[in-house]
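*Asks:* Next comes work.tsv, TSV, C-alpha atoms:
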```tsv
chain	number	residue	atom	x	y	z
S	18	MET	CA	0.00	0.00	0.00
S	19	SER	CA	1.57	3.28	-1.17
S	20	SER	CA	1.55	6.50	0.79
S	21	THR	CA	2.23	10.13	-0.30
S	22	LEU	CA	5.07	11.83	1.45
S	23	ILE	CA	4.26	15.52	2.17
S	24	ILE	CA	7.28	17.64	2.93
S	25	PRO	CA	6.21	20.79	4.80
S	26	VAL	CA	7.59	24.11	3.54
S	27	PRO	CA	9.65	25.90	6.17
S	28	PRO	CA	7.89	29.02	7.52
S	29	ILE	CA	10.87	31.21	6.63
S	30	LYS	CA	10.48	30.33	2.96
S	31	LEU	CA	6.75	31.08	3.11
S	32	ALA	CA	7.44	34.45	4.70
S	33	ARG	CA	10.07	35.27	2.08
S	34	ALA	CA	7.69	34.33	-0.75
S	35	ALA	CA	4.90	36.43	0.77
S	36	TRP	CA	7.26	39.39	1.15
S	37	LEU	CA	8.41	39.13	-2.48
S	38	ARG	CA	4.83	39.04	-3.67
S	39	VAL	CA	3.99	42.11	-1.61
S	40	ILE	CA	6.92	43.94	-3.20
S	41	GLY	CA	5.71	42.81	-6.61
S	42	LEU	CA	2.25	44.18	-5.79
S	43	LEU	CA	3.72	47.55	-4.93
S	44	LEU	CA	5.87	47.68	-8.08
S	45	LEU	CA	3.03	46.70	-10.40
S	46	GLY	CA	0.72	49.14	-8.68
S	47	LEU	CA	3.26	51.90	-9.27
S	48	LEU	CA	3.62	50.83	-12.90
S	49	ALA	CA	-0.14	50.95	-13.47
S	50	ALA	CA	-0.39	54.34	-11.74
S	51	ALA	CA	2.51	55.68	-13.82
S	52	ALA	CA	0.92	54.47	-17.06
S	53	LEU	CA	-2.44	56.02	-16.25
S	54	GLY	CA	-0.75	59.18	-15.00
S	55	PHE	CA	1.21	59.50	-18.23
S	56	TYR	CA	-1.96	59.09	-20.26
S	57	GLY	CA	-3.72	61.70	-18.15
S	58	TYR	CA	-0.83	64.12	-18.59
S	59	GLU	CA	-0.78	63.68	-22.36
S	60	LEU	CA	-4.55	64.05	-22.53
S	61	HIS	CA	-4.36	67.23	-20.46
S	62	ARG	CA	-1.60	68.48	-22.74
S	63	GLN	CA	-3.69	67.83	-25.83
S	64	ASN	CA	-6.70	69.56	-24.29
S	65	GLY	CA	-4.50	72.55	-23.51
S	66	ALA	CA	-3.18	72.65	-27.07
S	67	LEU	CA	-6.72	72.36	-28.43
S	68	SER	CA	-7.93	75.18	-26.18
S	69	SER	CA	-5.00	77.36	-27.25
S	70	TYR	CA	-5.69	76.58	-30.90
S	71	GLN	CA	-9.37	77.54	-30.53
S	72	GLN	CA	-8.34	80.83	-28.94
S	73	ALA	CA	-5.80	81.37	-31.72
S	74	VAL	CA	-8.50	80.77	-34.35
S	75	LEU	CA	-10.77	83.35	-32.74
S	76	GLN	CA	-7.88	85.77	-32.38
S	77	TYR	CA	-6.87	85.23	-36.00
S	78	GLN	CA	-10.41	85.90	-37.19
S	79	MET	CA	-10.63	89.13	-35.22
S	80	ARG	CA	-7.20	90.28	-36.35
S	81	THR	CA	-7.96	89.45	-39.98
S	82	GLU	CA	-11.24	91.34	-39.88
S	83	ALA	CA	-9.57	94.36	-38.28
S	84	ILE	CA	-6.80	94.32	-40.91
S	85	ASP	CA	-9.32	94.01	-43.74
S	86	ARG	CA	-11.36	96.85	-42.28
S	87	LEU	CA	-8.28	99.05	-42.05
S	88	SER	CA	-7.41	98.26	-45.66
S	89	ASP	CA	-10.98	99.07	-46.75
S	90	MET	CA	-10.85	102.26	-44.73
S	91	GLU	CA	-7.69	103.33	-46.53
S	92	ALA	CA	-9.24	102.52	-49.93
S	93	ALA	CA	-12.41	104.49	-49.11
S	94	PHE	CA	-10.31	107.43	-47.98
S	95	ASN	CA	-8.34	107.49	-51.23
S	96	ARG	CA	-11.54	107.22	-53.27
S	97	TYR	CA	-13.07	110.14	-51.43
S	98	LEU	CA	-10.05	112.31	-52.08
S	99	LEU	CA	-10.35	111.54	-55.78
S	100	ASP	CA	-14.10	111.85	-56.39
S	101	GLY	CA	-15.42	113.66	-53.31
S	102	ASN	CA	-18.31	111.19	-52.98
S	103	SER	CA	-19.67	111.50	-49.43
S	104	ALA	CA	-20.66	107.82	-49.40
S	105	ASN	CA	-17.01	107.00	-48.90
S	106	THR	CA	-16.89	108.97	-45.67
S	107	GLY	CA	-19.72	106.81	-44.35
S	108	LEU	CA	-17.68	103.70	-45.19
S	109	ILE	CA	-14.67	105.20	-43.42
S	110	GLN	CA	-16.66	105.80	-40.25
S	111	ALA	CA	-18.22	102.33	-40.33
S	112	ASP	CA	-14.82	100.65	-40.71
S	113	LYS	CA	-13.32	102.84	-37.98
S	114	GLN	CA	-16.07	101.97	-35.50
S	115	ARG	CA	-15.83	98.27	-36.27
S	116	ILE	CA	-12.06	98.20	-35.77
S	117	GLU	CA	-12.36	99.87	-32.39
S	118	GLN	CA	-15.22	97.55	-31.39
S	119	LEU	CA	-13.10	94.51	-32.20
S	120	ALA	CA	-10.30	95.84	-30.00
S	121	GLN	CA	-12.70	96.03	-27.05
S	122	ALA	CA	-14.78	92.92	-27.79
S	123	ASN	CA	-13.46	90.80	-24.90
S	124	PRO	CA	-10.57	90.67	-22.42
S	125	ASP	CA	-8.43	88.65	-24.85
S	126	ALA	CA	-8.87	91.32	-27.52
S	127	GLN	CA	-8.06	94.03	-25.01
S	128	ASN	CA	-4.81	92.22	-24.17
S	129	ASP	CA	-3.95	91.51	-27.80
S	130	LYS	CA	-0.91	93.67	-28.51
S	131	LEU	CA	-1.25	93.36	-32.27
S	132	LEU	CA	-4.91	94.39	-32.25
S	133	GLN	CA	-4.26	97.27	-29.88
S	134	GLY	CA	-1.30	98.35	-31.99
S	135	LEU	CA	-3.47	98.28	-35.09
S	136	VAL	CA	-6.09	100.47	-33.40
S	137	ALA	CA	-3.39	102.89	-32.26
S	138	ALA	CA	-2.05	103.12	-35.83
S	139	GLU	CA	-5.58	103.66	-37.19
S	140	GLN	CA	-6.39	106.40	-34.68
S	141	LYS	CA	-3.10	108.17	-35.31
S	142	TRP	CA	-3.58	107.98	-39.07
S	143	TYR	CA	-7.19	109.14	-38.83
S	144	GLY	CA	-6.32	112.09	-36.60
S	145	GLN	CA	-3.27	113.26	-38.55
S	146	ALA	CA	-4.27	112.50	-42.14
S	147	VAL	CA	-7.83	111.35	-42.75
S	148	GLN	CA	-9.87	113.85	-40.81
S	149	PRO	CA	-7.91	117.00	-41.82
S	150	LEU	CA	-7.78	116.05	-45.50
S	151	ILE	CA	-11.48	115.11	-45.57
S	152	GLU	CA	-12.39	118.50	-44.11
S	153	GLU	CA	-10.23	120.28	-46.65
S	154	ARG	CA	-11.53	118.13	-49.50
S	155	ARG	CA	-15.09	119.23	-48.72
S	156	THR	CA	-14.12	122.83	-49.41
S	157	LEU	CA	-12.82	122.06	-52.89
S	158	THR	CA	-15.03	122.51	-55.93
S	159	ALA	CA	-16.45	119.23	-57.22
S	160	GLY	CA	-15.49	118.15	-60.73
S	161	GLN	CA	-12.18	120.01	-60.73
S	162	GLY	CA	-8.68	118.67	-60.35
S	163	LEU	CA	-7.02	118.64	-56.98
S	164	PRO	CA	-4.77	121.63	-56.35
S	165	GLU	CA	-1.08	121.05	-55.89
S	166	ASP	CA	-0.98	122.31	-52.33
S	167	PHE	CA	-3.66	119.78	-51.37
S	168	LEU	CA	-1.67	116.98	-53.00
S	169	ALA	CA	1.43	118.15	-51.15
S	170	LYS	CA	-0.45	117.87	-47.85
S	171	TYR	CA	-1.62	114.38	-48.83
S	172	ARG	CA	1.94	113.27	-49.60
S	173	ALA	CA	3.20	114.73	-46.33
S	174	ALA	CA	0.53	113.00	-44.24
S	175	PRO	CA	1.32	109.63	-42.62
S	176	GLN	CA	0.56	106.87	-45.11
S	177	ASP	CA	2.28	103.73	-43.84
S	178	LEU	CA	-0.25	101.81	-41.76
S	179	GLN	CA	2.03	98.74	-41.56
S	180	ILE	CA	-0.79	96.53	-42.80
S	181	ILE	CA	1.66	93.99	-44.24
S	182	ASN	CA	3.45	93.70	-40.90
S	183	PHE	CA	0.16	93.15	-39.11
S	184	GLU	CA	-0.81	90.46	-41.60
S	185	LEU	CA	2.51	88.63	-41.29
S	186	THR	CA	2.38	88.66	-37.48
S	187	ALA	CA	-1.20	87.37	-37.46
S	188	GLU	CA	-0.34	84.58	-39.90
S	189	ASN	CA	2.76	83.51	-37.95
S	190	THR	CA	0.89	83.38	-34.64
S	191	TYR	CA	-1.88	81.29	-36.17
S	192	ARG	CA	0.58	78.85	-37.77
S	193	GLU	CA	2.44	78.41	-34.49
S	194	ALA	CA	-0.82	77.41	-32.80
S	195	GLN	CA	-1.50	74.95	-35.63
S	196	GLN	CA	1.95	73.40	-35.26
S	197	THR	CA	1.57	73.06	-31.49
S	198	LEU	CA	-1.74	71.28	-31.88
S	199	SER	CA	-0.32	69.01	-34.59
S	200	GLN	CA	2.64	68.06	-32.39
S	201	ALA	CA	0.34	67.24	-29.47
S	202	GLU	CA	-1.79	65.03	-31.71
S	203	ASP	CA	1.28	63.24	-33.06
S	204	GLN	CA	2.49	62.47	-29.56
S	205	LEU	CA	-0.89	61.04	-28.64
S	206	ARG	CA	-0.74	58.44	-31.39
S	207	TRP	CA	0.65	56.13	-28.72
S	208	ARG	CA	-2.05	57.06	-26.22
S	209	TRP	CA	-3.48	53.49	-26.40
S	210	LEU	CA	-0.25	52.06	-24.98
S	211	PRO	CA	-0.95	52.79	-21.26
S	212	PHE	CA	-4.17	50.76	-21.36
S	213	PRO	CA	-2.63	47.34	-22.15
S	214	LEU	CA	0.21	48.10	-19.75
S	215	ALA	CA	-2.26	48.93	-17.02
S	216	GLY	CA	-4.25	45.78	-17.87
S	217	LEU	CA	-1.16	43.60	-17.62
S	218	ALA	CA	-0.22	45.29	-14.36
S	219	ILE	CA	-3.69	44.60	-12.95
S	220	ILE	CA	-3.47	40.93	-13.96
S	221	GLY	CA	-0.07	40.72	-12.29
S	222	VAL	CA	-1.41	42.38	-9.17
S	223	ILE	CA	-4.25	39.85	-8.95
S	224	TRP	CA	-1.88	36.92	-9.47
S	225	LEU	CA	0.57	38.18	-6.86
S	226	ALA	CA	-2.24	38.94	-4.42
S	227	ILE	CA	-3.57	35.39	-4.70
S	228	GLY	CA	-0.07	34.00	-4.17
S	229	ALA	CA	0.52	36.25	-1.17
S	230	MET	CA	-2.78	35.21	0.40
S	231	LYS	CA	-1.86	31.56	-0.03
S	232	ASN	CA	1.51	32.13	1.62
S	233	VAL	CA	-0.13	33.92	4.52
S	234	SER	CA	-2.60	31.07	4.86
S	235	TYR	CA	0.21	28.52	4.97
S	236	LEU	CA	2.03	30.60	7.57
S	237	LYS	CA	-1.12	30.75	9.66
S	238	GLN	CA	-1.55	27.00	9.46
S	239	ALA	CA	2.08	26.47	10.40
S	240	ALA	CA	1.67	28.74	13.43
S	241	GLU	CA	-1.55	27.04	14.58
S	242	ASN	CA	-0.30	23.44	14.03
S	243	PRO	CA	3.33	23.19	15.09
S	244	GLU	CA	5.07	19.92	14.56
S	245	GLU	CA	4.48	17.62	17.51
S	246	GLU	CA	7.35	15.79	19.08
S	247	ASP	CA	7.44	12.06	18.84
S	248	ASP	CA	5.75	10.73	22.03
S	249	ASP	CA	7.34	7.26	21.83
S	250	GLY	CA	10.78	8.59	22.71
S	251	PRO	CA	13.95	7.03	21.43
S	252	GLU	CA	13.79	3.44	20.41
S	253	PRO	CA	15.34	1.00	22.90
S	254	GLN	CA	18.65	-0.47	21.95
S	255	ASP	CA	19.33	-4.20	22.18
S	256	HIS	CA	22.39	-5.06	24.21
S	257	ASN	CA	23.73	-8.47	23.34
S	258	VAL	CA	25.71	-9.93	26.22
S	259	GLY	CA	28.11	-12.54	25.10
S	260	THR	CA	28.50	-15.80	27.13
S	261	LYS	CA	31.68	-17.24	27.85
```
Could I get this structure in the form of structure tokens?

*Replies:*
Amino acid sequence: MSSTLIIPVPPIKLARAAWLRVIGLLLLGLLAAAALGFYGYELHRQNGALSSYQQAVLQYQMRTEAIDRLSDMEAAFNRYLLDGNSANTGLIQADKQRIEQLAQANPDAQNDKLLQGLVAAEQKWYGQAVQPLIEERRTLTAGQGLPEDFLAKYRAAPQDLQIINFELTAENTYREAQQTLSQAEDQLRWRWLPFPLAGLAIIGVIWLAIGAMKNVSYLKQAAENPEEEDDDGPEPQDHNVGTK
């Protein structure tokens, strides 16, 4: 009749195994937290880039409208000097009011240096060139050529509104926002990677937790059922006495 020999595991080995599994639990937990934290950081970064891009789009639209209005204002001013048609003065005033409204539309517009600089250039140009020349043009006889002294005043008046510089700055700022958003999206192409890593870490945590619980259970059993000493004592020894 055969019997199975069970060799008990020493408690020190069980304790060591339980301790290693606990360390493994901590390491895998840190790995899962790091993976999820990285994903959260990248997602937050993309949301920030998207928010900045949306603000840049709105800023670009407002800047572009203000630049176009200033260009139209300049064209209407030149047309009025040539033909004296009062309809052009109405267009000048409408463009002027719209430009200044855009500069005060919201706190971002009020803090936009380019937009505020454009308004400052428009107001300076209007005060030094547009308004004085319009007033003088009204006194001239319609249908006649412009006198030389009037043309001399027109040439001497400030003419450079730096529209091209405003356009280039607006375009560059908008493109920078586009590039930032594109870079954030490219970096998030690997955003799926933390999920399988976290899944594997969770599986490892479960496996190690089960192993640690088993080791603790074995330790508990070993503490509750210590090995009993043999009650029979040492076996008697036979002493053979020789006869002579």

*Asks:* Let me make sure I understand: among S:Leu150, S:Ala138, S:Ala120, S:Val39, which one has the smallest atom-to-atom distance to S:Glu82 if we use only C-alpha atoms?

*Replies:*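 Counting only C-alpha atoms, the residue closest to S:Glu82 is S:Ala120.
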
*Asks:* Once you count all atoms listed in the file, which residues end up no further than 12 Å from (0.0, 82.8, -38.8) in the file's frame, shown as a short mmCIF file (atom, residue, chain, number, x, y, z; two decimals) with C-alpha atoms, in the coordinates of the input?

*Replies:*
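Output file out-v2.cif follows:
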```
data_model
loop_
_atom_site.label_atom_id
_atom_site.label_comp_id
_atom_site.auth_asym_id
_atom_site.auth_seq_id
_atom_site.Cartn_x
_atom_site.Cartn_y
_atom_site.Cartn_z
CA TYR S 70 -5.69 76.58 -30.90
CA ALA S 73 -5.80 81.37 -31.72
CA VAL S 74 -8.50 80.77 -34.35
CA GLN S 76 -7.88 85.77 -32.38
CA TYR S 77 -6.87 85.23 -36.00
CA GLN S 78 -10.41 85.90 -37.19
CA ARG S 80 -7.20 90.28 -36.35
CA THR S 81 -7.96 89.45 -39.98
CA ASN S 182 3.45 93.70 -40.90
CA PHE S 183 0.16 93.15 -39.11
CA GLU S 184 -0.81 90.46 -41.60
CA LEU S 185 2.51 88.63 -41.29
CA THR S 186 2.38 88.66 -37.48
CA ALA S 187 -1.20 87.37 -37.46
CA GLU S 188 -0.34 84.58 -39.90
CA ASN S 189 2.76 83.51 -37.95
CA THR S 190 0.89 83.38 -34.64
CA TYR S 191 -1.88 81.29 -36.17
CA ARG S 192 0.58 78.85 -37.77
CA GLU S 193 2.44 78.41 -34.49
CA ALA S 194 -0.82 77.41 -32.80
CA GLN S 195 -1.50 74.95 -35.63
CA GLN S 196 1.95 73.40 -35.26
#
```

*Asks:* Residues at most 8 Å from stretch 153-167 of chain S, counting only C-alpha atoms, excluding those fewer than 2 positions away in the same chain, as a PyMOL selection string?

*Replies:* chain S and resi 98-101+149-151+169-171

*Asks:* If you measure from atom CA of S:Ile109 to atom CA of S:Leu131, what distance in Å do you get, rounded to one decimal?

*Replies:*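 Distance between the two atoms: 21.1 Å.
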
*Asks:* By how many Å are atom CA of S:Asp89 and atom CA of S:Gln71 apart?

*Replies:*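 Distance between the two atoms: 27.0 Å.
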
*Asks:* Just how far from atom CA of S:Lys141 is atom CA of S:Asp125, in Å to one decimal?

*Replies:*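 Answer for the atom CA of S:Asp125 to atom CA of S:Lys141 separation: 22.8 Å.
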
*Asks:* Between S:Ile227, S:Leu75, S:Leu37, S:Leu67, which residue has the minimum interatomic distance to S:Ala122, considering only C-alpha atoms?

*Replies:* S:Leu75

*Asks:* Compare S:Asn102, S:Gly228, S:Ser68, S:Gly221 by their minimum atom-to-atom distance to S:Leu43, counting all atoms listed in the file, and give me the closest one.

*Replies:*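 Looking at the shortest contact to S:Leu43, the residue is S:Gly221.
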
*Asks:* Between S:Arg38, S:Arg172, S:Lys113, S:Arg62, which one has atoms that come closest to S:Leu87, using only C-alpha atoms?

*Replies:* S:Lys113

*Asks:* So which one's closest to S:Tyr58, S:Ile181, S:Ala201, S:Pro175, S:Asp85? Using all atoms listed in the file, please.

*Replies:* S:Ala201

*Asks:* Using all atoms listed in the file, can you tell me which of S:Gly107, S:Gln179, S:Gly46, S:Tyr97 comes closest to S:Ala137?

*Replies:* S:Gln179

*Asks:* Need a file for stretch 98-229 of chain S from that block: C-alpha atoms, written as a short mmCIF file (atom, residue, chain, number, x, y, z; two decimals), in the first residue's frame.

*Replies:*
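What landed in part35.cif:
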```cif
data_model
loop_
_atom_site.label_atom_id
_atom_site.label_comp_id
_atom_site.auth_asym_id
_atom_site.auth_seq_id
_atom_site.Cartn_x
_atom_site.Cartn_y
_atom_site.Cartn_z
CA LEU S 98 -10.05 112.31 -52.08
CA LEU S 99 -10.35 111.54 -55.78
CA ASP S 100 -14.10 111.85 -56.39
CA GLY S 101 -15.42 113.66 -53.31
CA ASN S 102 -18.31 111.19 -52.98
CA SER S 103 -19.67 111.50 -49.43
CA ALA S 104 -20.66 107.82 -49.40
CA ASN S 105 -17.01 107.00 -48.90
CA THR S 106 -16.89 108.97 -45.67
CA GLY S 107 -19.72 106.81 -44.35
CA LEU S 108 -17.68 103.70 -45.19
CA ILE S 109 -14.67 105.20 -43.42
CA GLN S 110 -16.66 105.80 -40.25
CA ALA S 111 -18.22 102.33 -40.33
CA ASP S 112 -14.82 100.65 -40.71
CA LYS S 113 -13.32 102.84 -37.98
CA GLN S 114 -16.07 101.97 -35.50
CA ARG S 115 -15.83 98.27 -36.27
CA ILE S 116 -12.06 98.20 -35.77
CA GLU S 117 -12.36 99.87 -32.39
CA GLN S 118 -15.22 97.55 -31.39
CA LEU S 119 -13.10 94.51 -32.20
CA ALA S 120 -10.30 95.84 -30.00
CA GLN S 121 -12.70 96.03 -27.05
CA ALA S 122 -14.78 92.92 -27.79
CA ASN S 123 -13.46 90.80 -24.90
CA PRO S 124 -10.57 90.67 -22.42
CA ASP S 125 -8.43 88.65 -24.85
CA ALA S 126 -8.87 91.32 -27.52
CA GLN S 127 -8.06 94.03 -25.01
CA ASN S 128 -4.81 92.22 -24.17
CA ASP S 129 -3.95 91.51 -27.80
CA LYS S 130 -0.91 93.67 -28.51
CA LEU S 131 -1.25 93.36 -32.27
CA LEU S 132 -4.91 94.39 -32.25
CA GLN S 133 -4.26 97.27 -29.88
CA GLY S 134 -1.30 98.35 -31.99
CA LEU S 135 -3.47 98.28 -35.09
CA VAL S 136 -6.09 100.47 -33.40
CA ALA S 137 -3.39 102.89 -32.26
CA ALA S 138 -2.05 103.12 -35.83
CA GLU S 139 -5.58 103.66 -37.19
CA GLN S 140 -6.39 106.40 -34.68
CA LYS S 141 -3.10 108.17 -35.31
CA TRP S 142 -3.58 107.98 -39.07
CA TYR S 143 -7.19 109.14 -38.83
CA GLY S 144 -6.32 112.09 -36.60
CA GLN S 145 -3.27 113.26 -38.55
CA ALA S 146 -4.27 112.50 -42.14
CA VAL S 147 -7.83 111.35 -42.75
CA GLN S 148 -9.87 113.85 -40.81
CA PRO S 149 -7.91 117.00 -41.82
CA LEU S 150 -7.78 116.05 -45.50
CA ILE S 151 -11.48 115.11 -45.57
CA GLU S 152 -12.39 118.50 -44.11
CA GLU S 153 -10.23 120.28 -46.65
CA ARG S 154 -11.53 118.13 -49.50
CA ARG S 155 -15.09 119.23 -48.72
CA THR S 156 -14.12 122.83 -49.41
CA LEU S 157 -12.82 122.06 -52.89
CA THR S 158 -15.03 122.51 -55.93
CA ALA S 159 -16.45 119.23 -57.22
CA GLY S 160 -15.49 118.15 -60.73
CA GLN S 161 -12.18 120.01 -60.73
CA GLY S 162 -8.68 118.67 -60.35
CA LEU S 163 -7.02 118.64 -56.98
CA PRO S 164 -4.77 121.63 -56.35
CA GLU S 165 -1.08 121.05 -55.89
CA ASP S 166 -0.98 122.31 -52.33
CA PHE S 167 -3.66 119.78 -51.37
CA LEU S 168 -1.67 116.98 -53.00
CA ALA S 169 1.43 118.15 -51.15
CA LYS S 170 -0.45 117.87 -47.85
CA TYR S 171 -1.62 114.38 -48.83
CA ARG S 172 1.94 113.27 -49.60
CA ALA S 173 3.20 114.73 -46.33
CA ALA S 174 0.53 113.00 -44.24
CA PRO S 175 1.32 109.63 -42.62
CA GLN S 176 0.56 106.87 -45.11
CA ASP S 177 2.28 103.73 -43.84
CA LEU S 178 -0.25 101.81 -41.76
CA GLN S 179 2.03 98.74 -41.56
CA ILE S 180 -0.79 96.53 -42.80
CA ILE S 181 1.66 93.99 -44.24
CA ASN S 182 3.45 93.70 -40.90
CA PHE S 183 0.16 93.15 -39.11
CA GLU S 184 -0.81 90.46 -41.60
CA LEU S 185 2.51 88.63 -41.29
CA THR S 186 2.38 88.66 -37.48
CA ALA S 187 -1.20 87.37 -37.46
CA GLU S 188 -0.34 84.58 -39.90
CA ASN S 189 2.76 83.51 -37.95
CA THR S 190 0.89 83.38 -34.64
CA TYR S 191 -1.88 81.29 -36.17
CA ARG S 192 0.58 78.85 -37.77
CA GLU S 193 2.44 78.41 -34.49
CA ALA S 194 -0.82 77.41 -32.80
CA GLN S 195 -1.50 74.95 -35.63
CA GLN S 196 1.95 73.40 -35.26
CA THR S 197 1.57 73.06 -31.49
CA LEU S 198 -1.74 71.28 -31.88
CA SER S 199 -0.32 69.01 -34.59
CA GLN S 200 2.64 68.06 -32.39
CA ALA S 201 0.34 67.24 -29.47
CA GLU S 202 -1.79 65.03 -31.71
CA ASP S 203 1.28 63.24 -33.06
CA GLN S 204 2.49 62.47 -29.56
CA LEU S 205 -0.89 61.04 -28.64
CA ARG S 206 -0.74 58.44 -31.39
CA TRP S 207 0.65 56.13 -28.72
CA ARG S 208 -2.05 57.06 -26.22
CA TRP S 209 -3.48 53.49 -26.40
CA LEU S 210 -0.25 52.06 -24.98
CA PRO S 211 -0.95 52.79 -21.26
CA PHE S 212 -4.17 50.76 -21.36
CA PRO S 213 -2.63 47.34 -22.15
CA LEU S 214 0.21 48.10 -19.75
CA ALA S 215 -2.26 48.93 -17.02
CA GLY S 216 -4.25 45.78 -17.87
CA LEU S 217 -1.16 43.60 -17.62
CA ALA S 218 -0.22 45.29 -14.36
CA ILE S 219 -3.69 44.60 -12.95
CA ILE S 220 -3.47 40.93 -13.96
CA GLY S 221 -0.07 40.72 -12.29
CA VAL S 222 -1.41 42.38 -9.17
CA ILE S 223 -4.25 39.85 -8.95
CA TRP S 224 -1.88 36.92 -9.47
CA LEU S 225 0.57 38.18 -6.86
CA ALA S 226 -2.24 38.94 -4.42
CA ILE S 227 -3.57 35.39 -4.70
CA GLY S 228 -0.07 34.00 -4.17
CA ALA S 229 0.52 36.25 -1.17
#
```
